[in-house]
$ cat structure21.cif   # mmCIF, C-alpha atoms
data_upload
#
loop_
_atom_site.label_atom_id
_atom_site.label_comp_id
_atom_site.auth_asym_id
_atom_site.auth_seq_id
_atom_site.Cartn_x
_atom_site.Cartn_y
_atom_site.Cartn_z
CA MET A 1 66.21 82.95 82.79
CA ARG A 2 67.95 82.60 79.43
CA LYS A 3 71.55 83.53 78.90
CA LEU A 4 73.84 83.47 75.89
CA VAL A 5 77.61 83.81 76.32
CA LEU A 6 79.78 84.02 73.23
CA ALA A 7 83.57 83.98 73.50
CA ALA A 8 85.97 84.46 70.62
CA ALA A 9 89.72 84.45 70.67
CA LEU A 10 91.11 87.48 68.85
CA SER A 11 94.87 87.86 68.62
CA GLY A 12 95.42 86.01 71.87
CA THR A 13 92.85 88.12 73.71
CA MET A 14 89.57 86.62 74.81
CA LEU A 15 86.49 88.66 73.93
CA THR A 16 83.30 87.76 75.74
CA LEU A 17 79.86 88.99 74.73
CA SER A 18 76.86 88.34 76.95
CA ALA A 19 73.16 88.70 76.41
CA CYS A 20 71.06 88.03 79.47
CA SER A 21 67.54 88.12 80.72
CA GLY A 22 67.58 88.38 84.43
CA GLY A 23 70.55 89.13 86.72
CA THR A 24 73.92 90.32 85.47
CA GLU A 25 76.07 88.59 88.08
CA ASP A 26 76.32 85.33 86.12
CA ALA A 27 77.37 87.20 82.96
CA THR A 28 80.03 89.10 84.85
CA GLU A 29 81.41 85.91 86.36
CA ALA A 30 81.43 84.18 82.97
CA SER A 31 83.14 87.17 81.38
CA GLU A 32 85.84 87.32 84.04
CA ALA A 33 86.42 83.57 83.88
CA ALA A 34 86.84 83.70 80.08
CA VAL A 35 89.73 86.19 80.13
CA PRO A 36 93.04 84.34 79.80
CA ALA A 37 96.07 85.11 81.93
CA ASP A 38 98.74 87.40 80.47
CA THR A 39 101.25 85.28 78.62
CA GLY A 40 103.72 88.00 77.67
CA SER A 41 107.16 86.97 76.50
CA ALA A 42 110.40 88.53 75.36
CA ASP A 43 109.53 87.70 71.76
CA ALA A 44 106.11 89.32 72.05
CA ALA A 45 107.63 92.49 73.53
CA ALA A 46 110.16 92.67 70.75
CA THR A 47 107.60 92.22 67.98
CA ASP A 48 104.62 94.24 69.23
CA GLY A 49 106.26 97.64 68.87
CA ALA A 50 107.36 97.84 72.50
CA VAL A 51 110.73 99.44 73.10
CA LEU A 52 113.07 97.61 75.46
CA ASP A 53 114.94 99.55 78.15
CA ALA A 54 118.61 98.77 77.50
CA SER A 55 119.41 99.14 81.20
CA THR A 56 117.12 96.31 82.27
CA ALA A 57 116.57 94.04 79.24
CA THR A 58 117.96 90.53 79.26
CA ALA A 59 120.23 89.15 76.54
CA GLU A 60 117.37 86.93 75.38
CA GLU A 61 115.00 89.90 75.03
CA LEU A 62 117.64 91.96 73.23
CA ALA A 63 118.55 89.16 70.79
CA ALA A 64 114.89 89.04 69.72
CA VAL A 65 115.13 92.62 68.43
CA GLU A 66 115.85 93.04 64.71
CA GLY A 67 119.48 94.00 64.15
CA VAL A 68 120.70 92.70 67.52
CA SER A 69 122.92 89.62 67.33
CA GLU A 70 123.53 87.38 70.32
CA GLU A 71 127.01 88.90 70.62
CA LEU A 72 125.65 92.46 70.58
CA ALA A 73 122.95 91.50 73.10
CA ALA A 74 125.66 90.16 75.43
CA ALA A 75 127.69 93.37 74.99
CA ILE A 76 124.65 95.53 75.78
CA VAL A 77 123.93 93.51 78.92
CA ALA A 78 127.58 93.75 79.97
CA GLY A 79 127.30 97.55 79.85
CA GLN A 80 124.17 97.75 82.04
CA PRO A 81 122.97 99.99 83.52
CA TYR A 82 123.29 102.88 81.08
CA GLY A 83 123.42 106.45 82.37
CA SER A 84 121.86 107.76 79.18
CA VAL A 85 120.95 106.83 75.63
CA THR A 86 124.20 108.46 74.49
CA ASP A 87 126.08 105.84 76.52
CA LEU A 88 124.05 103.07 74.84
CA ASN A 89 124.67 104.61 71.43
CA ALA A 90 128.42 104.67 72.13
CA LYS A 91 128.24 100.94 72.99
CA LEU A 92 126.37 100.23 69.74
CA LEU A 93 128.87 102.23 67.69
CA GLU A 94 131.67 99.95 68.91
CA THR A 95 130.39 97.25 66.52
CA LEU A 96 127.77 98.90 64.28
CA ASP A 97 127.82 101.80 61.86
CA ALA A 98 125.64 104.87 62.60
CA GLU A 99 122.76 103.68 60.42
CA GLN A 100 122.70 100.23 62.04
CA ALA A 101 122.91 101.76 65.52
CA ALA A 102 119.99 104.09 64.72
CA ALA A 103 117.94 101.08 63.59
CA VAL A 104 118.66 99.24 66.86
CA LEU A 105 117.66 102.33 68.87
CA GLU A 106 114.14 102.00 67.43
CA GLY A 107 113.64 98.85 69.53
CA VAL A 108 116.22 99.23 72.32
CA PHE A 109 116.57 102.54 74.12
CA VAL A 110 117.32 104.28 77.40
CA PRO A 111 114.36 106.59 78.07
CA VAL A 112 115.28 110.26 78.14
CA ASN A 113 113.92 112.58 80.81
CA LEU A 114 111.79 115.21 79.10
CA ASN A 115 112.83 117.89 81.57
CA THR A 116 116.58 117.26 81.64
CA ALA A 117 117.54 115.58 78.35
CA SER A 118 120.45 117.08 76.46
CA LYS A 119 120.20 117.94 72.77
CA ASP A 120 122.36 114.88 72.03
CA GLU A 121 119.93 112.61 73.90
CA LEU A 122 116.88 114.13 72.17
CA ARG A 123 118.51 113.73 68.75
CA LEU A 124 118.85 109.98 69.33
CA ILE A 125 115.08 109.52 69.68
CA PRO A 126 114.03 107.69 66.51
CA GLY A 127 112.20 110.00 64.12
CA MET A 128 113.34 113.16 65.91
CA THR A 129 113.59 116.25 63.71
CA GLU A 130 115.13 119.62 64.52
CA LYS A 131 111.63 121.12 64.73
CA MET A 132 110.43 118.46 67.16
CA GLU A 133 113.62 118.75 69.22
CA HIS A 134 112.84 122.46 69.59
CA GLU A 135 109.22 121.71 70.58
CA PHE A 136 110.30 119.11 73.15
CA GLU A 137 112.56 121.72 74.75
CA GLU A 138 110.16 124.67 74.44
CA TYR A 139 107.52 123.21 76.75
CA ARG A 140 109.86 122.35 79.62
CA PRO A 141 109.23 121.70 82.39
CA TYR A 142 106.56 119.06 81.86
CA ALA A 143 104.50 118.53 85.01
CA ASP A 144 103.21 115.17 83.77
CA MET A 145 102.77 113.14 80.61
CA GLY A 146 99.43 114.85 80.01
CA ASP A 147 101.40 118.07 79.40
CA PHE A 148 103.54 116.20 76.88
CA ASP A 149 100.48 114.77 75.11
CA ARG A 150 98.81 118.16 74.90
CA GLU A 151 101.83 120.21 73.80
CA ILE A 152 103.49 117.79 71.39
CA GLY A 153 100.04 116.83 70.08
CA LYS A 154 99.87 120.34 68.60
CA TYR A 155 102.53 119.31 66.08
CA VAL A 156 102.03 115.61 65.41
CA ASP A 157 99.11 113.21 65.43
CA GLU A 158 98.09 111.02 68.35
CA SER A 159 99.91 107.94 67.05
CA GLU A 160 103.18 109.87 66.72
CA VAL A 161 102.80 111.24 70.27
CA ALA A 162 102.28 107.66 71.46
CA ARG A 163 105.35 106.53 69.52
CA PHE A 164 107.50 109.29 71.04
CA LYS A 165 106.31 108.23 74.51
CA ASN A 166 108.17 104.92 74.03
CA TYR A 167 111.41 106.89 74.32
CA VAL A 168 110.74 109.44 77.06
CA THR A 169 110.07 109.62 80.78
CA LEU A 170 109.65 112.19 83.53
#
$ encode --input "structure21.cif" --output "structure tokens"
Amino acid sequence: MRKLVLAAALSGTMLTLSACSGGTEDATEASEAAVPADTGSADAAATDGAVLDASTATAEELAAVEGVSEELAAAIVAGQPYGSVTDLNAKLLETLDAEQAAAVLEGVFVPVNLNTASKDELRLIPGMTEKMEHEFEEYRPYADMGDFDREIGKYVDESEVARFKNYVTL
């Protein structure tokens, strides 16, 4: 039996390719053994496009977000938990102007419930337009996120639907 196992590290993820003659059990075991453990960190979450939940994020995680100073991170943590994104926005506006607060909301947010969000909460979703606000409301109630994908996907591409999903919940 001849077996070739090739492993390459790509962006911190282990990729294993196997070519075998004979059984597949050895290849499966080699593949599983080659996958590294998840080494996620606050810095990785802040830089990979993930949006932090302001109600649960630590000061360290928040300070890693662009536009969030250590002082602002401490103030956000002191206000936890937030009842809504409007409450978070009010906290941000205590020390930031509206443009700076909007920039912070791109990486730190309080997810809005698709079925119950007010117009004010929807308007705080980064990239929200009046047209999209109307579409978000028009398809209520959403039974599940599949409904959201299908209905909002009529108006924006798949990547924009995925981006919006960083800011919403059911």
$ residues_around --input "structure21.cif" --residues "region 94-96 of chain A" --least-positions-apart "4" --cutoff "10 Å" --atoms "all atoms listed in the file" --output "ChimeraX atom specification"
/A:67-68,71-72,75,89-90,100-102,104
$ atom_distance --input "structure21.cif" --atom1 "CA of Ile76 (chain A)" --atom2 "CA of Ala63 (chain A)"
10.1 Å
$ closest_residue --input "structure21.cif" --among "A:Met132, A:Thr169, A:Gly79, A:Asp144" --to "Thr116 (chain A)" --atoms "only C-alpha atoms"
A:Thr169
$ atom_distance --input "structure21.cif" --atom1 "CA of Glu133 (chain A)" --atom2 "CA of Val85 (chain A)"
15.4 Å
$ atom_distance --input "structure21.cif" --atom1 "CA of Ala162 (chain A)" --atom2 "CA of Gly127 (chain A)"
12.6 Å
$ residues_around --input "structure21.cif" --residues "Ala73 (chain A)" --least-positions-apart "6" --cutoff "12 Å" --atoms "only C-alpha atoms" --output "PDB file with C-alpha atoms, in the frame of the given file"
ATOM      1  CA  LEU A  52     113.070  97.610  75.460  1.00  0.00           C
ATOM      2  CA  ALA A  54     118.610  98.770  77.500  1.00  0.00           C
ATOM      3  CA  SER A  55     119.410  99.140  81.200  1.00  0.00           C
ATOM      4  CA  THR A  56     117.120  96.310  82.270  1.00  0.00           C
ATOM      5  CA  ALA A  57     116.570  94.040  79.240  1.00  0.00           C
ATOM      6  CA  THR A  58     117.960  90.530  79.260  1.00  0.00           C
ATOM      7  CA  ALA A  59     120.230  89.150  76.540  1.00  0.00           C
ATOM      8  CA  GLU A  60     117.370  86.930  75.380  1.00  0.00           C
ATOM      9  CA  GLU A  61     115.000  89.900  75.030  1.00  0.00           C
ATOM     10  CA  LEU A  62     117.640  91.960  73.230  1.00  0.00           C
ATOM     11  CA  ALA A  63     118.550  89.160  70.790  1.00  0.00           C
ATOM     12  CA  ALA A  64     114.890  89.040  69.720  1.00  0.00           C
ATOM     13  CA  VAL A  65     115.130  92.620  68.430  1.00  0.00           C
ATOM     14  CA  GLU A  66     115.850  93.040  64.710  1.00  0.00           C
ATOM     15  CA  GLY A  67     119.480  94.000  64.150  1.00  0.00           C
ATOM     16  CA  GLY A  79     127.300  97.550  79.850  1.00  0.00           C
ATOM     17  CA  GLN A  80     124.170  97.750  82.040  1.00  0.00           C
ATOM     18  CA  LEU A  88     124.050 103.070  74.840  1.00  0.00           C
ATOM     19  CA  LYS A  91     128.240 100.940  72.990  1.00  0.00           C
ATOM     20  CA  LEU A  92     126.370 100.230  69.740  1.00  0.00           C
ATOM     21  CA  THR A  95     130.390  97.250  66.520  1.00  0.00           C
ATOM     22  CA  VAL A 104     118.660  99.240  66.860  1.00  0.00           C
ATOM     23  CA  VAL A 108     116.220  99.230  72.320  1.00  0.00           C
TER      24      VAL A 108
END
$ residues_around --input "structure21.cif" --residues "Asn115 (chain A)" --least-positions-apart "2" --cutoff "12 Å" --atoms "all atoms listed in the file" --output "count of residues only"
23
$ closest_residue --input "structure21.cif" --among "A:Phe164, A:Phe109, A:Gly153, A:Asp97" --to "Thr129 (chain A)" --atoms "all atoms listed in the file"
A:Phe164
$ closest_residue --input "structure21.cif" --among "A:Pro126, A:Glu70, A:Arg150, A:Ala103" --to "Arg163 (chain A)" --atoms "all atoms listed in the file"
A:Pro126
